[in-house]
Each structure stands twice: as structure tokens, then as C-alpha cells.
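Okay, structure first, notes after.
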Amino acid sequence: MHRLSRRSVSSILRTGGGAARYRKTVTPISSSSTSVPIFDSVGVDESRSRWYSVLPGGRSLAIKSSTQVNLKDSLILGRRYESAAAASDASATPPAERYEYQAEVSRLMDLIVNSLYSNKEVFLRELISNASDALDKLRFLSVTDPELLKEAADLDIRIQTDKDNGVVTITDTGIGMTQQELVDCLGTIAQSGTAKFLKALKDSKDAGGDNNLIGQFGVGFYSAFLVSDRVVVSTKSPKSGKQYVWEGEANASSYTIREETDPEKLIPRGTRLTLYLKRDDKGFAHPEKIQKLVKNYSQFVSFPIYTWQEKGYTKEVEVDEDPAEAKNDEQDDKTEQKKKKTKTVIEKYWDWELTNETQPIWLRNPKEVTTEEYNEFYKKTFNEYLDPLASSHFPTEGEVEFRSILYVPAVAPMGKDDVINTKTKNIRLYVKRVFISEDFDGELFPRYLSFVKGVVDSNDLPLNVSREILQESRLVRIMRKRLVRKAFDMILGISLSENKDDYDKFWENFGKHLKLGCIEDRENHKRLAPLLRFFSSQSEHEFISLDEYVENMKPEQKDIYYIAADSVTSAKNTPFLEKLSEQDLEVLFLVDPIDEIAIQNLKSYKEKNFVDISKEDLDLGDKNEEKEKELKQEFAQTCDWMKKRLGDKVASVQISNRLSSSPCVLASGKFGWSANMERLMKAQAVGDNSSLEFMRGRRVFEINPDHPIIRNLSVASKSNPNDEDALRAIDLLYDAALVSSGFTPENPTQLGVKIYEMMGMALSGKWSTPIEEASRADAKLNNTETIEAEVVEPVEAGSQK
């Protein structure tokens with residue numbers, strides 16, 4: 001990034017900055033210093049004037065003679081002006097007048113060329129925009145002064161290249177410039193002739209109607225020095241009878257202006273820019289490269305843009321025979337006439353080709369555009385092969401004016417996950433039909449709507465839109481809100497379609513994006529929630545919406561119940577669902593990893609709170625306080641006994657109101673992670689173990705007082721609380737509840753040992769006969785080792801033996 005020094009800034013402020021301050025010196029310029037023509041004419045009679053035909057793109061031009069097209073001549077407005085110039089006329093070329101730029105212009109020029117534009121390709125976009133402005137000015141002024149169009153009626157832009165010498169020529173038939181306008185517009189940095197023209201129109205009483213002028217920033221012309229060492233501007237205004245040539249070099253402190261006297265270089269009206277490219281940028285002089293840039297950046301400029309392209313057509317030509325073959329065929333030719341041998345060749349020639357489309361689809365009336373045209377534009381612009389699911393074409397007026405067409409693709413992109421990829425090229429931003437950029441990072445659309453494709457054309461943004469301007473502009477924030485709103489309307493239209501398969505297809509491809517929106521965009525929760533879809537305990541194979549869930553709720557039901565699991569099978573078999581299924585209460589199954597976080601961010605829908613049935617203190621709305629009080633008193637000693645055995649593994653042991661067939665369940669803390677969330681957080685590559693321990697610390701062990709196992713343990717807690725079998729049963733019960741509730745055991749091997757031990761006790765002798773048991777006992781006795789006793793003789797006291 002180049003910065004102006006303090007001395008440079010002071011100098012600019014002292015001299016008036018953008019004022020047209022210059023010194024004029026007269027310096028003779030020899031004829032050798034004039035612009036060199038790009039092509040030489042061959043075999044052309046220069047003493048006569050002739051007409052030529054401009055063919056639209058795609059039509060071939062048959063050339064019957066070997067005479068080549070003279071590219072040096074002025075191919076302007078359907079007429080080519082050619083005349084012989086005497087040597088004496090060339091020697092009488094008037095001297096050029098040299099002008100100096102304003103103070104410190106070399107630093108300012110360096111700033112413009114190297115810092116203002118981040119991509120060299122935009123030089124052609126800027127110069128075409130200036131040419132379009134010149135044509136628009138002429139069209140506007142010709143309404144009151146038709147004489148301005150008398151020299152030539154066609155309004156177009158033509159671009160010609162010389163790849164061998166690295167020269168690009170851009171010619172327009174616009175209003176042109178006088179000598180003083182050259183000084184004012186090209187000699188003063190950052191002064192916009194277009195902005196000055198618009199200001200004059202605004203101040204004029206008879207100014208009316210809309211304008212299509214593009215380049216109002218004032219530095220677009222100097223983008224030519226991004227790729228050029230030298231720039232020559234030849235221009236003629238219908239207000240002046242003379243044609244003037246402006247010539248400047250990169251990093252120079254001055255430029256020259258002279259009168260054009262070479263008859264071969266005279267133009268009837270307009271401006272011709274000749275760019276002499278730098279060595280490293282001569283690739284821009286290839287016709288294919290120029291055509292590609294025009295189609296990318298200036299496809300929808302309101303005037304036709306022609307590029308000079310090589311074409312070809314096939315024809316039959318005679319082929320000379322081999323002498324040996326001719327001698328062998330002499331006898332055969334006596335009876336019948338010999339046919340001449342021919343072959344097909346491609347004859348190449350150069351001609352103008354229309355490169356752009358002058359009427360963009362988004363400027364047309366939506367009522368006049370068919371669905372097929374929308375689909376065709378979508379496929380062509382975004383290289384798609386399937387028709388979009390939906391499209392939305394709308395103009396916006398008010399604080400900011402823009403037109404847009406948005407599309408919802410039929411399928412998600414292959415090979416990448418756009419939920420993670422924040423940078424997409426799905427939105428093409430135009431300013432007054434000139435393409436600006438497609439590289440955005442959430443400025444026009446939030447990340448979760450990055451799958452939406454479309455074009456946006458604004459009249460209020462400047463042409464030199466940069467990332468900083470997009471981030472800070474109030475207009476861009478307004479545009480973003482309206483674009484997001486239209487995108488939601490379009491998606492809602494798909495959901496309300498009679499063809500339910502359309503939204504099923506959309507949800508399969510982009511459902512995760514909307515769930516991400518629930519996390520990132522709180523302002524649009526009311527628009528996002530109706531678009532969400534989930535499986536449920538009453539709809540295991542088809543998605544249902546939240547609206548359908550609320551519609552099917554019981555009259556006394558106050559909350560929306562959900563359970564998060566890794567699959568529908570796990571969710572429907574969880575013990576947390578037992579009592580709700582008995583009461584015919586529907587439960588949403590959140591089986592996508594992002595579902596639980598999305599629902600927690602929504603918090604409620606239509607004044608119904610979302611409730612996780614795996615959390616403690618579940619309220620099903622059927623509380624019987626007297627019965628609960630009796631059960632708590634009856635099993636108080638049992639709960640305390642179990643809590644003492646389990647210790648810090650659980651926060652408390654309580655009587656459950658959600659179980660009917662299972663003996664127990666392990667509920668998560670009200671403000672902690674659920675079992676599903678804990679499983680997901682453990683799987684994170686950079687997970688924080690400290691937060692994991694904190695969030696999972698509170699677990700509540702809930703027991704079913706009606707289950708036989710719990711009743712037996714209740715008797716044991718009162719009669720024999722220290723019985724080892726009863727204590728081992730509590731440990732096994734806890735581990736079983738851990739698994740059935742969705743948690744992961746800390747020591748799976750120890751759990752396996754406990755299960756095997758309990759199975760051994762339960763299965764011992766269950767299928768054996770009494771005879772087999774007796775023989776198994778005898779075998780055990782026979783395998784017992786016999787130990788012989790050793791006889792020890794008595795020893796007297798005090799003996800040394």
C-alpha cells in the first residue's frame with residue numbers, strides 16, 4: 001500500500017488538490033513521435049472513400065478477393081475515411097503543447113495504479129464504462145441538438161488488438177472532447193467529467209429523465225496505466241472542427257496535447273484510446289482475452305461492443321495430382337473424362353464480432369420474462385445443467401435502488417461443504433450493468449444463505465467497490481436486509497408448493513444451512529422457524545414442520561418436546577420416551593448434529609417453549625402432588641442409600657415421572673449438556689476437557705418406583721443395607737442407565753465384568769438336571785488334591801536337636 005508523505009499532502013492541499021492547475025509549454029514534436037498504426041494496409045487504393053458492412057456476431061463474411069481489410073483505417077460508424085496525404089502535409093504537423101500535471105502527481109498516480117485497483121483486468125471495464133458514458137452524453141445532448149449526430153449515426157464501441165506488438169485500441173463514437181476538455185478531464189486527477197456533466201444536468205431547469213452514466217469516480221481513465229507504459233488518446237468533439245491527441249506515459253509528470261493532422265488518423269467523431277502494453281501485460285492484447293474480459297465485466301453495457309476476431313469459412317479448392325498417379329491413370333481416362341481432385345480448406349479472415357448483450361434480463365419487466373428465459377440465464381451465468389428450484393425477480397426502490405434476480409439451486413455443489421466455506425461466487429454484483437465482483441465474504445448474503453445464487457445491479461454504489469466499502473457502506477447493509485428477505489420469501493414459496501417433493505429436495509440439500517441460520521441470525525428467527533423440518537415420534541419416515549407439530553398438540557400441552565440422538569432408531573427406543581408415548585405426546589427427533597444447537601437458539605416457537613425430555617425436572621402437565629409426596633416419603637431411605645453408594649457420580653437420586661417399563665434413567669442437568677451433546681463435544685478434535693467436565697458434572701439418577709428391581713432394592717435398603725449383592729446391583733443399575741440414556745461408560749471393561757458376573761449368578765443351574773449337578777459335584781471332589789500329614793516327634797525342652 002502506497003502512502004502519501006506529509007509534504008506531498010501539504011503540497012496538494014496548498015495547490016487546491018483536484019483543481020485544474022497546470023503549466024503549458026510548447027515543444028515541437030516531430031512526425032516520428034506520432035502514434036504508429038497497428039496494422040499496415042495492403043493493396044488498398046488510398047485515394048478513395050468506401051463503405052463497409054458491420055455484421056452482427058455469428059454471421060460469416062465471405063471474402064471473395066485476396067484484398068485484406070485495412071485495420072489502420074478508422075472503422076467508425078459504418079464508414080471508412082481514406083485519403084492520400086502528401087509528404088509536405090506530414091512535415092507541417094503543428095508543434096505539441098506540453099502540460100504538467102498538478103503537484104506530486106507521480107505519487108498520486110502511483111497510489112491510483114497500485115492501490116486503488118486490486119486486479120489489472122478491470123482496466124478494460126473502466127475504459128469501456130467511460131466510452132459508454134461518452135455515448136450516453138451524446139445521445140442525451142442530441143435530443144436538443146440533432147446536428148451532433150450528423151457525422152455518423154451509429155453508437156457503438158470497438159476494440160482492436162495487435163498481439164504481436166502488444167497494442168490495444170478502444171474506439172467509441174461518443175461526444176468526444178475539445179482541447180480544453182482534454183486538459184480538464186485527463187490533466188486533473190480524480191476530476192470526473194461524468195460527475196460534472198450530471199451536476200450540470202441537475203442544476204439545469206430542463207433536466208429530466210433517467211440517466212445511465214456510469215463512470216463518476218474520475219480515476220477510471222488512469223486504470224489504463226495498470227497495464228500500459230504509454231497511452232495515446234485521439235478525440236474529436238462535434239463542437240470543435242479539430243481533432244486533438246493526448247499522450248502520456250506511466251510515472252511521468254507531464255503530458256502532451258497536439259492537433260491531429262494526419263488524414264489517415266482522422267475520425268468523424270468520438271475517442272480512440274491506444275494502449276501500448278507493458279512487457280509483462282502483453283497477454284491482454286490477445287483477441288480471445290479481450291473478448292473474455294468484455295463478456296465478464298461489460299456484458300450488459302447498453303451499447304454494442306464489437307471486438308476484432310479471427311474467423312473462418314470452408315471452401316473447396318483444387319489439388320494438384322502426383323505425377324506418378326497421373327501417369328497410371330492416363331489409360332483409364334481414355335474412355336471417360338477425368339474428374340478434378342479437390343479438398344476442403346478453411347479460409348481465415350478478420351471481422352468485427354458483437355460481444356455483449358445490450359439488454360440484461362433483470363432490467364426487463366418480470367411479467368414479460370418467461371420461466372424458460374430465467375432458467376436459461378441461470379444455466380448460462382452459473383454454469384449449471386439443472387433448472388433451479390425457484391427464482392425471484394424484483395426491483396427495489398427507496399433509500400437504495402437496485403434490481404436483482406435470485407435463484408435456489410436444484411442440488412448442493414459437489415466436492416465441498418458450503419456451510420463451512422464462507423467465500424462463494426454465487427452472487428454477481430453489477431453497478432449500472434457493469435460487473436464489479438463475485439468474491440464476497442458475507443457482505444451481501446449471510447453465510448447460511450450462501451447457496452442462493454443471483455445477480456444484483458445497483459445504481460448507487462461506486463464502480464470502485466472494494467471490500468472496505470462493502471463492509472462500511474450503509475447502502476450495502478440495506479441491500480443485504482432486502483436481499484435476505486426476498487430469499488426467505490422464495491424459500492417459503494417452495495415450502496408452500498403443491499408439489500411436496502420440491503421442498504423435500506430443497507431440505508435434503510440445504511436444510512443444514514437454515515439450521516445454521518438459527519444459530520447465527522437471531523433477527524430472522526421468525527422467518528427461519530417455519531422452514532425447519534424434523535422427524536418425530538409420530539412421523540418416523542416423513543419430515544414435519546413446526547407448524548404441523550403445533551397443530552397436532554394436545555389441548556393441555558404447553559411445550560414442544562424433543563430428544564436429541566444419533567439416529568431415529570436410538571431416539572424412538574430411549575427410556576425417556578416411555579411415559580410421553582403412553583400419553584400420546586409427540587416428540588421431535590433431532591438426529592442431525594446441528595439440530596440441538598439450532599433448537600436451543602430458537603428457544604420457542606409461537607409462544608411454545610422447546611423442552612428437552614432428557615433433562616431433569618420434566619413437567620408433563622399431569623402432576624399429582626399427593627401421590628408424589630407419598631412416593632418420596634416411601635423411597636426417601638432408598639434414594640439416600642443409592643446416592644451414598646454412587647457418590648459423586650450423580651448429583652442426586654430422585655423418583656422419576658417419565659418411566660413406565662424401565663427401572664431407571666440418567667437425566668442431564670437442566671443447564672448442562674445432554675448425552676447427545678456430550679458425545680458430540682467429545683468427538684471434537686480440539687475439544688476443551690475442562691469445559692467438558694464442568695458441563696457434564698450434574699446428572700440426576702431417576703428410579704421407577706413401580707419396577708420390581710427398584711422395589712426389591714428398596715427392601716434391601718431397609719433390611720440389609722450393607723449386603724454386597726445389593727450394592728453390586730446398584731452399580732450395575734447405574735452403568736445400565738448410563739448406556740440406555742445415551743452416555744458412554746468410563747470403564748466399559750468393568751461394566752462387562754459386572755454383566756458376566758450377574759449372568760453367571762442368574763443362569764447357574766437353570767437348565768441342568770439333578771443328576772448332572774450331582775456328577776459335577778463328585779468330579780469337583782475327585783479333583784481335590786490329597787495332602788499328607790507330616791509326623792513331628794516331640795522334643796524335650798532345652799534340647800539342642
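By order of appearance in the C-alpha cells: chains A, B, ..., then residues from 1 within every chain, and ligands from 1 in the order shown.
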
Practice task
Identify, with DSSP run on backbone atoms, the residues in region 221-379 of chain A assigned to helix (DSSP H, G or I), and express the list as a VMD selection string.
Solution key: chain A and resid 221 to 226 263 to 265 279 to 285 287 to 297 323 to 328 361 to 363 366 to 368 371 to 379

Practice task
Would you list the contacts of Ser662 (chain A) as a count of residues only, taking every protein, DNA or RNA residue within 12 Å and counting only C-alpha atoms, but skipping same-chain residues closer than 5 positions in sequence?
Solution key: 23

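Of note, CA of Ala412 (chain A) and CA of Asp387 (chain A) are spaced 12.8 Å apart.
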
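Each of A:Ile599, A:Leu531, A:Val591, A:Met677 was compared to Glu548 (chain A) using only C-alpha atoms, and A:Leu531 turns out to be the nearest.
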
Practice task
With a distance cut-off of 12 Å and only C-alpha atoms, select the neighbouring residues of region 164-168 of chain A, excluding the residue or stretch itself and same-chain residues fewer than 6 positions from it, and output the selection as a VMD selection string.
Solution key: chain A and resid 35 to 39 123 to 124 127 158 224 227 to 233 272 to 287 289 to 290 307 to 308

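Minimum atom-to-atom distances from A:Phe225, A:Phe510, A:Tyr99, A:Phe435 to Val301 (chain A) were compared using only C-alpha atoms, and the lowest value belongs to A:Phe435.
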
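With distances restricted to only C-alpha atoms, A:Arg533 is the closest residue to Gly511 (chain A) from A:Arg711, A:Arg533, A:Lys367, A:Lys526.
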